[in-house]
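Asker: Here it is, the structure in full.
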Amino acid sequence: MNLLFRYFLEFIVVMFAAVYAYIPVRKNLRFSAAATCITSASVLVVFCIIGAYVCSRYGISSNRIIIPALPVFLLLYILVVRMPVSEKFFCFFTATMLSGFCTMYTHYVGATFELSNSDLPFTLNSSAICIGMNLVFILVFFRPLFVWIPGMFREDFLDGVWNKVFILPLAMTVFFLWITPLKASNVVVARTQIIGIVLITFFPLIIWGMFYISWRMLQRYKKYTEIRGEKELLVIEKKRYERFMDYHEKTKRIRHDFRQYILLLKKYADEGDLDSLKKKVESIHESLPDTPEKVCAQPAIDAVCGYYKEIAAANNIAVSFIISLPHELPFDDMDLCSIFGNLLENAVRECEKAPVEDRRLTVVSKMISDEMMGISIENTYIGEIRIDAVSGLPVSGKTAHGIGRTGYGNGVSSGHGIGLISVRTIVERLGGNMIVSAEKGVFTVNILI
């Protein structure tokens with residue numbers, strides 16, 4: 001019974017690995033968190049009991065059960081978590097790396113206890129060290145697992161990175177298994193144990209430091225992007241302001257000359273000189289400046305939409321903006337500018353490719369309730385678009401992000417694919433939904449946030 005219990009304590013490492021694996025993906029589970037935790041805990045407890053029994057019954061190492069079971073656990077993890085596969089791999093192998101280090105570290109720290117141990121499983125003292133190490137790791141790596149990794153997953157520009165980065169924790173897992181001593185007697189030789197403990201202690205510090213540096217670099221990049229977005233918005237608003245000031249100066253001059261115009265027109269009328277009267281009226285009409293049209297009451301959206309409306313008009317695109325939004329909105333200005341800016345830039349670009357008579361752009365937006373906003377943007381296009389059934393976005397076989405199509409947002413070069421991914425990321429972060437469709441030459445994006 002004592003041997004069975006000691007094996008069971010060794011198998012508990014998989015419970016800690018599950019904790020490491022589920023913390024970063026807690027908001028991306030296919031089932032409720034409670035159901036996932038209860039089911040996973042039940043399955044792992046049964047696995048630990050059966051594994052301990054088999055090992056004690058046939059006298060084999062626990063690794064001969066745990067390591068072959070890893071592909072099965074990985075498959076179950078992939079099925080339970082709703083995220084890109086590469087991100088699942090990264091979380092799973094990060095969990096095996098952390099739990100693998102704790103087991104390896106125990107072999108060095110507990111080598112003295114294992115000298116007189118003639119059985120395969122750890123002694124109770126070594127098991128206590130291993131469990132204690134995992135508890136400490138949960139505390140030490142809680143912030144990286146709970147905040148930093150999920151935060152990096154939310155950034156769409158990192159989507160292609162995880163296809164390569166997951167190899168690092170996988171390699172570290174294999175490395176920790178490789179440097180795990182086979183016998184305690186190999187460790188307790190001269191100063192090997194002390195030197196080994198000192199050296200391998202740096203590994204978790206390096207791992208934690210890599211997470212921290214990555215997170216800080218991400219925050220700096222986001223700050224830079226935010227500042228760049230604000231500058232772009234200021235440029236747009238400056239152009240709109242210059243147009244209003246130009247209109248103001250022209251109308252000011254007209255008001256100054258208005259009295260003279262009236263007197264001259266009265267003179268022509270009194271003399272019955274209708275031809276001169278008509279010519280002067282036409283001359284005054286032509287000198288009147290076009291009134292800058294406000295798209296909506298919300299300043300940031302008005303600036304962005306007004307900017308692209310002018311570009312569309314300059315490219316002979318028939319535009320229709322029906323935007324009924326209040327001055328104050330329950331959303332961040334930069335998020336709204338990113339949504340409208342990306343979608344309008346893509347829409348104008350696609351309309352330019354169509355024949356002049358087929359260029360149409362329609363934008364509709366209004367508040368559905370005090371806290372809910374709807375956005376619908378339609379534009380004509382040429383060619384063929386296929387919407388991916390899984391991502392819900394246009395598909396292209398040559399796009400780095402899997403978004404786009406031939407002639408429509410060709411990957412990174414055109415920016416349409418990245419733009420839609422960026423918009424979807426913002427919409428999902430705000431708890432909303434985005435539906436993309438392409439039918440009969442009309443591309444439509446409907447958003448509810």
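Letters for chains follow the order of the structure tokens (A, B, ...), residue numbers begin at 1 for each chain, and ligand numbers begin at 1 in the order shown.
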Do a neighbour search on Asn134 of chain A at 7 Å with only C-alpha atoms, toss out local chain neighbours closer than 3 positions, and write the hits as a CSV table (one decimal) with all heavy atoms, in the first residue's frame.

Answerer:
```csv
chain,number,residue,atom,x,y,z
A,16,PHE,N,-0.8,19.0,-11.7
A,16,PHE,CA,-0.2,20.4,-11.8
A,16,PHE,C,0.0,20.8,-13.2
A,16,PHE,O,-0.2,22.0,-13.5
A,16,PHE,CB,1.1,20.4,-11.0
A,16,PHE,CG,1.0,20.3,-9.5
A,16,PHE,CD1,1.3,19.1,-8.9
A,16,PHE,CD2,0.6,21.4,-8.8
A,16,PHE,CE1,1.2,19.0,-7.5
A,16,PHE,CE2,0.4,21.3,-7.4
A,16,PHE,CZ,0.7,20.1,-6.8
A,99,SER,N,6.2,21.5,-15.4
A,99,SER,CA,6.1,20.3,-14.5
A,99,SER,C,7.3,19.4,-14.7
A,99,SER,O,7.8,18.8,-13.7
A,99,SER,CB,4.8,19.5,-14.8
A,99,SER,OG,4.8,19.2,-16.2
A,102,CYS,N,10.1,20.7,-12.5
A,102,CYS,CA,9.9,20.4,-11.1
A,102,CYS,C,10.3,19.0,-10.7
A,102,CYS,O,11.0,18.7,-9.7
A,102,CYS,CB,8.5,20.6,-10.7
A,102,CYS,SG,8.0,22.4,-10.7
A,130,CYS,N,8.7,17.7,-4.6
A,130,CYS,CA,8.2,17.8,-5.9
A,130,CYS,C,6.8,18.6,-5.9
A,130,CYS,O,6.6,19.5,-6.7
A,130,CYS,CB,8.0,16.5,-6.6
A,130,CYS,SG,7.5,16.6,-8.4
A,131,ILE,N,5.9,18.2,-5.0
A,131,ILE,CA,4.7,18.8,-4.9
A,131,ILE,C,4.8,20.3,-4.4
A,131,ILE,O,4.2,21.2,-4.9
A,131,ILE,CB,3.8,18.1,-3.9
A,131,ILE,CG1,3.4,16.7,-4.4
A,131,ILE,CG2,2.5,18.9,-3.5
A,131,ILE,CD1,2.7,15.8,-3.5
A,137,PHE,N,5.8,27.1,-8.1
A,137,PHE,CA,5.7,27.4,-9.5
A,137,PHE,C,4.4,28.0,-9.9
A,137,PHE,O,4.3,29.0,-10.8
A,137,PHE,CB,6.1,26.2,-10.4
A,137,PHE,CG,7.5,26.2,-10.8
A,137,PHE,CD1,8.5,26.5,-9.9
A,137,PHE,CD2,7.9,25.9,-12.1
A,137,PHE,CE1,9.9,26.4,-10.3
A,137,PHE,CE2,9.2,25.9,-12.5
A,137,PHE,CZ,10.2,26.1,-11.6
A,138,ILE,N,3.3,27.5,-9.4
A,138,ILE,CA,2.0,28.1,-9.7
A,138,ILE,C,1.9,29.5,-9.2
A,138,ILE,O,1.4,30.4,-9.9
A,138,ILE,CB,0.9,27.3,-9.0
A,138,ILE,CG1,0.7,25.9,-9.7
A,138,ILE,CG2,-0.4,28.0,-9.0
A,138,ILE,CD1,-0.3,25.0,-9.0
```

Asker: Report as a PyMOL selection string all protein, DNA and RNA residues lying within 6 Å of segment 314-327 of chain A, evaluated on only C-alpha atoms, omitting residues in the same chain fewer than 5 positions from it.

Answerer: chain A and resi 296-298+359-366

Asker: May I ask which of the residues A:Met133, A:Leu264, A:Leu177, A:Ile194 is the closest one to Thr106 of chain A, counting only C-alpha atoms?

Answerer: A:Met133

Asker: As number ranges by chain, which residues of segment 105-247 of chain A does DSSP assign to helix (DSSP H, G or I)?

Answerer: A: 105-109, 111-114, 124-140, 142-153, 156-158, 162-165, 167-178, 184-186, 192-247

Asker: Measuring atom to atom with only C-alpha atoms, identify which of A:Met373, A:Val81, A:Met172, A:Leu44 is nearest to Ile66 of chain A.

Answerer: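 Looking only at the distances to Ile66 of chain A, the closest residue turns out to be A:Leu44.
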
Asker: Using only C-alpha atoms, determine which residues lie at most 12 Å from Thr180 of chain A, disregarding the query and same-chain residues fewer than 5 positions distant; provide the list as a ChimeraX atom specification.

Answerer: /A:63,100-109,111,173-175,186-187,196-197,200

Asker: Can you spit out the residues from that selection as a CSV table (one decimal), in the first residue's frame, using N, CA, C and O atoms?

Answerer:
```csv
chain,number,residue,atom,x,y,z
A,63,ASN,N,7.3,7.2,-15.5
A,63,ASN,CA,7.5,7.8,-16.8
A,63,ASN,C,7.1,6.9,-18.0
A,63,ASN,O,6.7,7.5,-19.1
A,100,GLY,N,7.9,19.4,-15.9
A,100,GLY,CA,9.1,18.6,-16.1
A,100,GLY,C,10.3,19.1,-15.3
A,100,GLY,O,11.1,18.3,-14.8
A,101,PHE,N,10.4,20.4,-15.3
A,101,PHE,CA,11.4,21.0,-14.5
A,101,PHE,C,11.3,20.7,-13.0
A,101,PHE,O,12.3,20.3,-12.4
A,102,CYS,N,10.1,20.7,-12.5
A,102,CYS,CA,9.9,20.4,-11.1
A,102,CYS,C,10.3,19.0,-10.7
A,102,CYS,O,11.0,18.7,-9.7
A,103,THR,N,10.0,18.1,-11.6
A,103,THR,CA,10.4,16.7,-11.4
A,103,THR,C,11.9,16.5,-11.5
A,103,THR,O,12.5,15.8,-10.7
A,104,MET,N,12.5,17.1,-12.5
A,104,MET,CA,13.9,17.1,-12.7
A,104,MET,C,14.6,17.7,-11.5
A,104,MET,O,15.6,17.1,-11.0
A,105,TYR,N,14.2,18.8,-11.0
A,105,TYR,CA,14.8,19.5,-9.9
A,105,TYR,C,14.7,18.7,-8.6
A,105,TYR,O,15.6,18.7,-7.8
A,106,THR,N,13.6,17.9,-8.5
A,106,THR,CA,13.4,17.1,-7.3
A,106,THR,C,14.5,16.0,-7.3
A,106,THR,O,15.0,15.6,-6.2
A,107,HIS,N,14.9,15.5,-8.5
A,107,HIS,CA,15.9,14.4,-8.5
A,107,HIS,C,17.2,14.9,-8.0
A,107,HIS,O,18.0,14.2,-7.4
A,108,TYR,N,17.5,16.2,-8.2
A,108,TYR,CA,18.8,16.8,-7.7
A,108,TYR,C,18.7,17.1,-6.2
A,108,TYR,O,19.5,16.8,-5.4
A,109,VAL,N,17.6,17.8,-5.8
A,109,VAL,CA,17.4,18.2,-4.4
A,109,VAL,C,17.2,17.1,-3.5
A,109,VAL,O,17.7,17.0,-2.4
A,111,ALA,N,18.2,13.9,-3.9
A,111,ALA,CA,19.1,12.8,-4.2
A,111,ALA,C,19.5,12.2,-2.9
A,111,ALA,O,19.7,10.9,-2.8
A,173,THR,N,11.2,20.9,-22.6
A,173,THR,CA,10.7,19.7,-21.9
A,173,THR,C,11.6,18.5,-22.2
A,173,THR,O,11.9,17.7,-21.3
A,174,VAL,N,12.0,18.3,-23.5
A,174,VAL,CA,12.9,17.2,-23.8
A,174,VAL,C,14.2,17.4,-23.1
A,174,VAL,O,14.8,16.4,-22.6
A,175,PHE,N,14.7,18.6,-23.0
A,175,PHE,CA,16.0,18.8,-22.4
A,175,PHE,C,15.9,18.5,-20.9
A,175,PHE,O,16.9,17.9,-20.4
A,186,ASN,N,24.4,9.0,-9.0
A,186,ASN,CA,25.1,9.8,-10.0
A,186,ASN,C,25.2,11.3,-9.6
A,186,ASN,O,26.0,12.0,-10.1
A,187,VAL,N,24.3,11.7,-8.7
A,187,VAL,CA,24.2,13.1,-8.3
A,187,VAL,C,25.1,13.4,-7.1
A,187,VAL,O,25.8,14.4,-7.0
A,196,GLY,N,24.9,21.2,-9.6
A,196,GLY,CA,23.7,21.0,-10.4
A,196,GLY,C,22.5,21.8,-10.0
A,196,GLY,O,21.8,22.4,-10.8
A,197,ILE,N,22.3,21.9,-8.7
A,197,ILE,CA,21.1,22.6,-8.1
A,197,ILE,C,21.3,24.1,-8.5
A,197,ILE,O,20.3,24.8,-8.9
A,200,ILE,N,20.8,24.7,-12.5
A,200,ILE,CA,19.5,24.5,-13.0
A,200,ILE,C,18.5,25.4,-12.4
A,200,ILE,O,17.4,25.6,-12.9
```

Asker: Do a neighbour search on Ala41 of chain A at 12 Å with only C-alpha atoms, toss out local chain neighbours closer than 6 positions, and write the hits as number ranges by chain.

Answerer: A: 12, 14-19, 22, 33-35, 47-48

Asker: Return the single residue from A:Ile301, A:Trp148, A:Ser338, A:Thr94 that is closest to Leu168 of chain A, with distances computed using only C-alpha atoms.

Answerer: A:Thr94
